[in-house]
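Undergrad: Take a look at start-v8.cif, mmCIF, C-alpha atoms:
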data_protein
#
loop_
_atom_site.label_atom_id
_atom_site.label_comp_id
_atom_site.auth_asym_id
_atom_site.auth_seq_id
_atom_site.Cartn_x
_atom_site.Cartn_y
_atom_site.Cartn_z
CA GLY A 202 -14.11 33.25 25.81
CA ALA A 203 -16.36 32.56 28.74
CA GLY A 204 -18.66 29.58 28.61
CA VAL A 205 -22.23 29.28 29.83
CA SER A 206 -22.54 30.23 33.47
CA GLN A 207 -25.32 29.42 35.88
CA THR A 208 -26.08 30.84 39.29
CA PRO A 209 -26.42 29.77 41.98
CA SER A 210 -24.43 26.56 41.80
CA ASN A 211 -26.55 25.06 44.53
CA LYS A 212 -29.89 26.15 45.94
CA VAL A 213 -31.65 24.71 48.96
CA THR A 214 -35.20 25.81 49.60
CA GLU A 215 -38.25 24.75 51.52
CA LYS A 216 -41.37 23.26 50.03
CA GLY A 217 -43.73 25.96 48.87
CA LYS A 218 -41.08 28.62 48.32
CA TYR A 219 -40.33 30.49 45.11
CA VAL A 220 -36.94 30.15 43.39
CA GLU A 221 -35.17 31.76 40.47
CA LEU A 222 -32.32 30.15 38.57
CA ARG A 223 -30.16 32.26 36.29
CA CYS A 224 -28.34 31.40 33.07
CA ASP A 225 -25.76 33.55 31.28
CA PRO A 226 -25.23 32.17 27.77
CA ILE A 227 -22.17 32.50 25.58
CA SER A 228 -22.07 35.98 24.10
CA GLY A 229 -23.72 36.10 20.69
CA HIS A 230 -25.63 32.85 21.05
CA THR A 231 -29.22 33.37 19.96
CA ALA A 232 -30.58 30.06 21.19
CA LEU A 233 -30.95 29.14 24.85
CA TYR A 234 -32.25 25.91 26.35
CA TRP A 235 -33.24 24.71 29.79
CA TYR A 236 -33.10 21.05 30.78
CA ARG A 237 -33.83 19.26 34.03
CA GLN A 238 -31.76 16.27 35.15
CA SER A 239 -33.18 14.14 37.93
CA LEU A 240 -30.96 11.76 39.85
CA GLY A 241 -29.86 8.84 37.70
CA GLN A 242 -31.52 10.18 34.57
CA GLY A 243 -30.52 11.98 31.43
CA PRO A 244 -31.41 15.63 30.97
CA GLU A 245 -35.01 16.33 29.98
CA PHE A 246 -35.94 19.30 27.83
CA LEU A 247 -37.91 22.10 29.44
CA ILE A 248 -37.90 25.14 27.16
CA TYR A 249 -36.09 26.65 24.19
CA PHE A 250 -35.66 30.34 23.43
CA GLN A 251 -34.77 31.81 20.07
CA GLY A 252 -33.90 35.40 20.88
CA THR A 253 -36.37 36.77 23.40
CA GLY A 254 -39.25 34.46 22.61
CA ALA A 255 -39.95 30.94 23.76
CA ALA A 256 -39.94 28.88 20.57
CA ASP A 257 -40.83 25.66 22.36
CA ASP A 258 -42.04 25.38 25.96
CA SER A 259 -43.53 21.93 25.61
CA GLY A 260 -41.25 20.47 28.26
CA LEU A 261 -42.37 22.67 31.14
CA PRO A 262 -44.07 20.21 33.51
CA ASN A 263 -46.82 22.54 34.78
CA ASP A 264 -47.73 26.17 35.28
CA ARG A 265 -45.50 26.50 38.35
CA PHE A 266 -42.57 26.67 35.95
CA PHE A 267 -41.89 29.77 33.92
CA ALA A 268 -38.86 31.12 32.09
CA VAL A 269 -37.98 34.49 30.61
CA ARG A 270 -35.27 35.97 28.43
CA PRO A 271 -36.27 39.61 28.19
CA GLU A 272 -33.25 40.97 26.29
CA GLY A 273 -32.29 37.90 24.35
CA SER A 274 -29.30 37.12 26.51
CA VAL A 275 -29.64 36.18 30.20
CA SER A 276 -32.47 33.83 31.07
CA THR A 277 -34.20 33.13 34.35
CA LEU A 278 -36.09 29.95 35.18
CA LYS A 279 -38.72 30.59 37.82
CA ILE A 280 -40.39 27.94 39.93
CA GLN A 281 -43.34 28.81 42.13
CA ARG A 282 -44.61 26.81 45.12
CA THR A 283 -41.70 24.40 44.93
CA GLU A 284 -42.32 20.71 45.61
CA ARG A 285 -39.90 18.01 46.71
CA GLY A 286 -40.23 16.46 43.26
CA ASP A 287 -38.68 19.58 41.74
CA SER A 288 -35.33 18.61 43.27
CA ALA A 289 -32.92 18.10 40.38
CA VAL A 290 -30.03 19.65 38.51
CA TYR A 291 -31.22 22.36 36.14
CA LEU A 292 -28.97 22.69 33.11
CA CYS A 293 -28.81 25.59 30.72
CA ALA A 294 -27.29 25.46 27.23
CA SER A 295 -26.77 28.00 24.48
CA GLY A 296 -26.06 27.78 20.79
CA LEU A 297 -26.40 29.32 17.35
CA ALA A 298 -29.71 27.94 16.14
CA GLY A 299 -29.93 27.40 12.44
CA SER A 300 -26.37 26.19 11.98
CA SER A 301 -25.97 22.72 10.57
CA TYR A 302 -25.10 21.12 13.86
CA ASN A 303 -26.42 23.70 16.27
CA GLU A 304 -24.08 22.44 18.95
CA GLN A 305 -25.44 23.17 22.39
CA PHE A 306 -22.88 24.35 24.94
CA PHE A 307 -23.89 23.47 28.46
CA GLY A 308 -23.35 25.25 31.74
CA PRO A 309 -22.43 23.48 34.99
CA GLY A 310 -26.02 23.45 36.19
CA THR A 311 -27.81 24.50 39.35
CA ARG A 312 -28.55 21.77 41.86
CA LEU A 313 -31.92 22.53 43.42
CA THR A 314 -32.89 20.77 46.63
CA VAL A 315 -36.40 21.21 47.97
CA LEU A 316 -36.73 20.16 51.61
CA ALA B 39 -41.97 11.12 19.89
CA GLN B 40 -38.38 10.07 19.72
CA THR B 41 -36.84 7.89 22.40
CA VAL B 42 -33.23 7.07 23.18
CA THR B 43 -32.21 3.93 25.04
CA GLN B 44 -28.91 3.16 26.73
CA SER B 45 -29.08 -0.36 28.08
CA GLN B 46 -25.78 -0.34 29.95
CA PRO B 47 -26.09 1.59 33.22
CA GLU B 48 -22.44 0.93 34.04
CA MET B 49 -19.34 -0.14 32.14
CA SER B 50 -15.73 -0.53 33.16
CA VAL B 51 -12.55 -0.87 31.13
CA GLN B 52 -8.88 -1.33 31.85
CA GLU B 53 -6.75 1.71 31.16
CA ALA B 54 -5.39 1.69 27.57
CA GLU B 55 -8.03 -0.82 26.45
CA THR B 56 -11.03 -0.25 24.18
CA VAL B 57 -14.64 -0.02 25.30
CA THR B 58 -17.92 0.32 23.39
CA LEU B 59 -21.02 2.01 24.77
CA SER B 60 -24.37 1.13 23.23
CA CYS B 61 -27.24 3.37 22.21
CA THR B 62 -30.43 2.69 20.29
CA TYR B 63 -33.13 5.15 19.34
CA ASP B 64 -36.58 5.19 17.90
CA THR B 65 -37.76 7.69 15.31
CA SER B 66 -39.90 7.91 12.22
CA GLU B 67 -37.80 10.72 10.79
CA SER B 68 -35.19 10.25 8.09
CA ASP B 69 -33.05 13.30 8.83
CA TYR B 70 -31.67 13.88 12.29
CA TYR B 71 -28.49 14.27 14.32
CA LEU B 72 -27.00 12.01 16.96
CA PHE B 73 -24.60 13.01 19.69
CA TRP B 74 -22.53 11.55 22.50
CA TYR B 75 -22.02 13.80 25.52
CA LYS B 76 -19.69 13.25 28.45
CA GLN B 77 -20.68 14.45 31.92
CA PRO B 78 -17.90 14.37 34.54
CA PRO B 79 -18.62 14.92 38.26
CA SER B 80 -18.44 18.67 37.60
CA ARG B 81 -21.88 18.22 35.91
CA GLN B 82 -20.87 20.11 32.76
CA MET B 83 -22.00 18.27 29.63
CA ILE B 84 -19.22 18.11 27.03
CA LEU B 85 -19.85 17.15 23.41
CA VAL B 86 -17.71 14.14 22.47
CA ILE B 87 -18.83 13.36 18.94
CA ARG B 88 -21.73 13.93 16.54
CA GLN B 89 -23.19 12.24 13.47
CA GLU B 90 -25.61 13.41 10.80
CA ALA B 91 -28.05 10.71 9.80
CA TYR B 92 -27.60 11.38 6.08
CA LYS B 93 -23.88 10.63 6.27
CA GLN B 94 -22.97 6.98 5.83
CA GLN B 95 -19.42 7.48 7.03
CA ASN B 96 -18.97 6.98 10.75
CA ALA B 97 -17.70 10.02 12.66
CA THR B 98 -14.29 9.92 14.34
CA GLU B 99 -12.70 12.32 16.82
CA ASN B 100 -9.24 11.22 17.89
CA ARG B 101 -9.75 8.21 20.21
CA PHE B 102 -13.53 8.37 19.89
CA SER B 103 -15.46 6.84 17.04
CA VAL B 104 -19.03 5.76 16.40
CA ASN B 105 -20.69 2.84 14.71
CA PHE B 106 -23.84 4.29 13.16
CA GLN B 107 -26.30 1.74 11.83
CA LYS B 108 -29.26 3.73 10.51
CA ALA B 109 -31.45 0.79 9.56
CA ALA B 110 -30.97 -0.77 12.98
CA LYS B 111 -31.29 2.64 14.69
CA SER B 112 -28.11 2.00 16.58
CA PHE B 113 -25.39 4.50 17.50
CA SER B 114 -22.56 3.06 19.60
CA LEU B 115 -19.50 4.90 20.88
CA LYS B 116 -16.07 3.30 20.83
CA ILE B 117 -13.34 4.70 23.04
CA SER B 118 -9.85 3.49 22.17
CA ASP B 119 -6.79 3.63 24.43
CA SER B 120 -8.97 4.48 27.44
CA GLN B 121 -7.53 7.05 29.81
CA LEU B 122 -8.31 7.85 33.43
CA GLY B 123 -9.78 11.17 32.31
CA ASP B 124 -12.42 9.33 30.29
CA ALA B 125 -14.20 8.29 33.48
CA ALA B 126 -17.62 9.97 33.44
CA MET B 127 -21.29 9.53 32.61
CA TYR B 128 -21.86 9.24 28.88
CA PHE B 129 -25.17 10.25 27.33
CA CYS B 130 -26.43 9.51 23.86
CA ALA B 131 -28.71 12.21 22.42
CA TYR B 132 -30.98 12.72 19.42
CA ARG B 133 -31.99 15.91 17.68
CA SER B 134 -34.53 16.24 14.92
CA ASP B 135 -33.63 18.08 11.74
CA PHE B 136 -37.11 19.53 11.39
CA GLY B 137 -36.66 22.79 13.26
CA ASN B 138 -37.22 21.35 16.70
CA GLU B 139 -33.98 22.15 18.42
CA LYS B 140 -34.34 20.15 21.61
CA LEU B 141 -32.09 17.23 22.49
CA THR B 142 -33.58 13.94 23.65
CA PHE B 143 -31.20 12.08 25.93
CA GLY B 144 -30.81 8.50 27.03
CA THR B 145 -30.41 7.56 30.68
CA GLY B 146 -26.64 7.39 30.49
CA THR B 147 -23.81 4.93 31.03
CA ARG B 148 -21.35 5.37 33.86
CA LEU B 149 -17.87 4.53 32.61
CA THR B 150 -15.17 3.53 35.08
CA ILE B 151 -11.52 3.29 34.07
CA ILE B 152 -9.49 0.71 35.95
CA PRO B 153 -5.83 1.72 36.39
#
As structure tokens, please, write out the structure in this file.

TA:
Amino acid sequence: GAGVSQTPSNKVTEKGKYVELRCDPISGHTALYWYRQSLGQGPEFLIYFQGTGAADDSGLPNDRFFAVRPEGSVSTLKIQRTERGDSAVYLCASGLAGSSYNEQFFGPGTRLTVL
Amino acid sequence: AQTVTQSQPEMSVQEAETVTLSCTYDTSESDYYLFWYKQPPSRQMILVIRQEAYKQQNATENRFSVNFQKAAKSFSLKISDSQLGDAAMYFCAYRSDFGNEKLTFGTGTRLTIIP
């Protein structure tokens, strides 16, 4: 079956603009995660959804970042008033939360560049 | 908060030889999971191997095995018979077993395979 997909693959925007990044999880996966990976770093947790609700949003850096998952499937990460420091690869993962391992399956990421 | 440390930014190994990547972590929890992920240039994170903290036996997946030392909080990855396709960034990750589903990653080790 299809894996996790993310669109767009690359996004270039100007400082101060608004961007939306989309994640399509594996069908049937109830859990969805967003991570941010800055250059030369490991991924850092942003937010975790169980179904439609955000179970843990402790990783969102500030109120310019917001994510939704209105129907418990596709998720959108929204960044307002983008800053150059927001440039990074944004990774999405999905899984079956509650299983013993809860393996997270990652998408290819969206590379965001803020000029 | 848990932290994961990978002290080897880069490693190289001759094709067909064996290489070990190091990872240490800090936690006050007794139950948790540890993972090694591979990230090729395509950016997609791929699970290589996983270990439950309550299991004393080291996990093995084909050419990949771990040396899990719980008391020392060490979790190294051994790759045997290295192949050109093993070249990638390797990330060690930690996940709590207490309902918090997020992964905490190290900074990664770039592995180069020398033909």

Undergrad: Taking a cut-off of 10 Å and counting all atoms listed in the file, can you build a table that, for each residue of chain B near chain A, reports the nearest atom pair and how far apart they are in Å (one decimal), sorted by chain then residue number, as CSV?

TA:
residue,atom,partner,partner_atom,distance
B:Val42,CA,A:Gly243,CA,10.0
B:Pro47,CA,A:Gly241,CA,9.3
B:Tyr70,CA,A:Tyr302,CA,9.9
B:Tyr71,CA,A:Tyr302,CA,7.7
B:Leu72,CA,A:Tyr302,CA,9.8
B:Phe73,CA,A:Glu304,CA,9.5
B:Gln77,CA,A:Pro309,CA,9.7
B:Pro79,CA,A:Pro309,CA,9.9
B:Ser80,CA,A:Pro309,CA,6.8
B:Arg81,CA,A:Pro309,CA,5.4
B:Gln82,CA,A:Pro309,CA,4.3
B:Met83,CA,A:Phe307,CA,5.7
B:Ile84,CA,A:Phe307,CA,7.3
B:Leu85,CA,A:Phe306,CA,8.0
B:Arg88,CA,A:Tyr302,CA,8.4
B:Gln89,CA,A:Tyr302,CA,9.1
B:Glu90,CA,A:Tyr302,CA,8.3
B:Met127,CA,A:Gly243,CA,9.6
B:Tyr128,CA,A:Gly243,CA,9.4
B:Phe129,CA,A:Gly243,CA,7.0
B:Cys130,CA,A:Gly243,CA,9.0
B:Ala131,CA,A:Gly243,CA,9.2
B:Arg133,CA,A:Tyr302,CA,9.4
B:Asp135,CA,A:Ser301,CA,9.0
B:Gly137,CA,A:Gly299,CA,8.2
B:Asn138,CA,A:Asp257,CA,8.0
B:Glu139,CA,A:Ala298,CA,7.5
B:Lys140,CA,A:Phe246,CA,6.5
B:Leu141,CA,A:Phe246,CA,6.9
B:Thr142,CA,A:Glu245,CA,6.9
B:Phe143,CA,A:Gly243,CA,5.5
B:Gly144,CA,A:Gly243,CA,5.6
B:Thr145,CA,A:Gly243,CA,4.5
B:Gly146,CA,A:Gly243,CA,6.1
B:Thr147,CA,A:Gly243,CA,9.7
B:Arg148,CA,A:Gly241,CA,10.0

Undergrad: Report, in Å to a single decimal, how far apart CA of Pro226 in chain A and CA of Thr283 in chain A are.

TA: 25.0 Å

Undergrad: Go ahead and compute the interatomic distance for CA of Ser118 in chain B and CA of Glu55 in chain B, in Å to one decimal.

TA: 6.3 Å

Undergrad: Can you tell me how far CA of Ser206 in chain A sits from CA of Ser276 in chain A, in Å to one decimal?

TA: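 Rounded to one decimal, the two atoms are 10.8 Å apart.
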
Undergrad: I need the residue nearest Val86 in chain B from this list: B:Ser50, B:Ser68, B:Gln121, B:Thr98. Use all atoms listed in the file for the distance.

TA: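 Smallest separation from Val86 in chain B among the options: B:Thr98.
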
Undergrad: On this structure, the PyMOL selection byres ((chain A and resi 280) around 9) would catch which residues? List them as a PyMOL selection string, sorted by chain and number.

TA: chain A and resi 218-222+264-268+278-279+281-283+287

Undergrad: Box time for range 279-295 of chain A: axis-aligned, enclosing all its listed atoms, 4 Å extra on each side; report centre and edge lengths in Å to one decimal, as JSON.

TA:
{"center_x": -35.7, "center_y": 23.5, "center_z": 35.6, "size_x": 25.8, "size_y": 22.1, "size_z": 30.2}
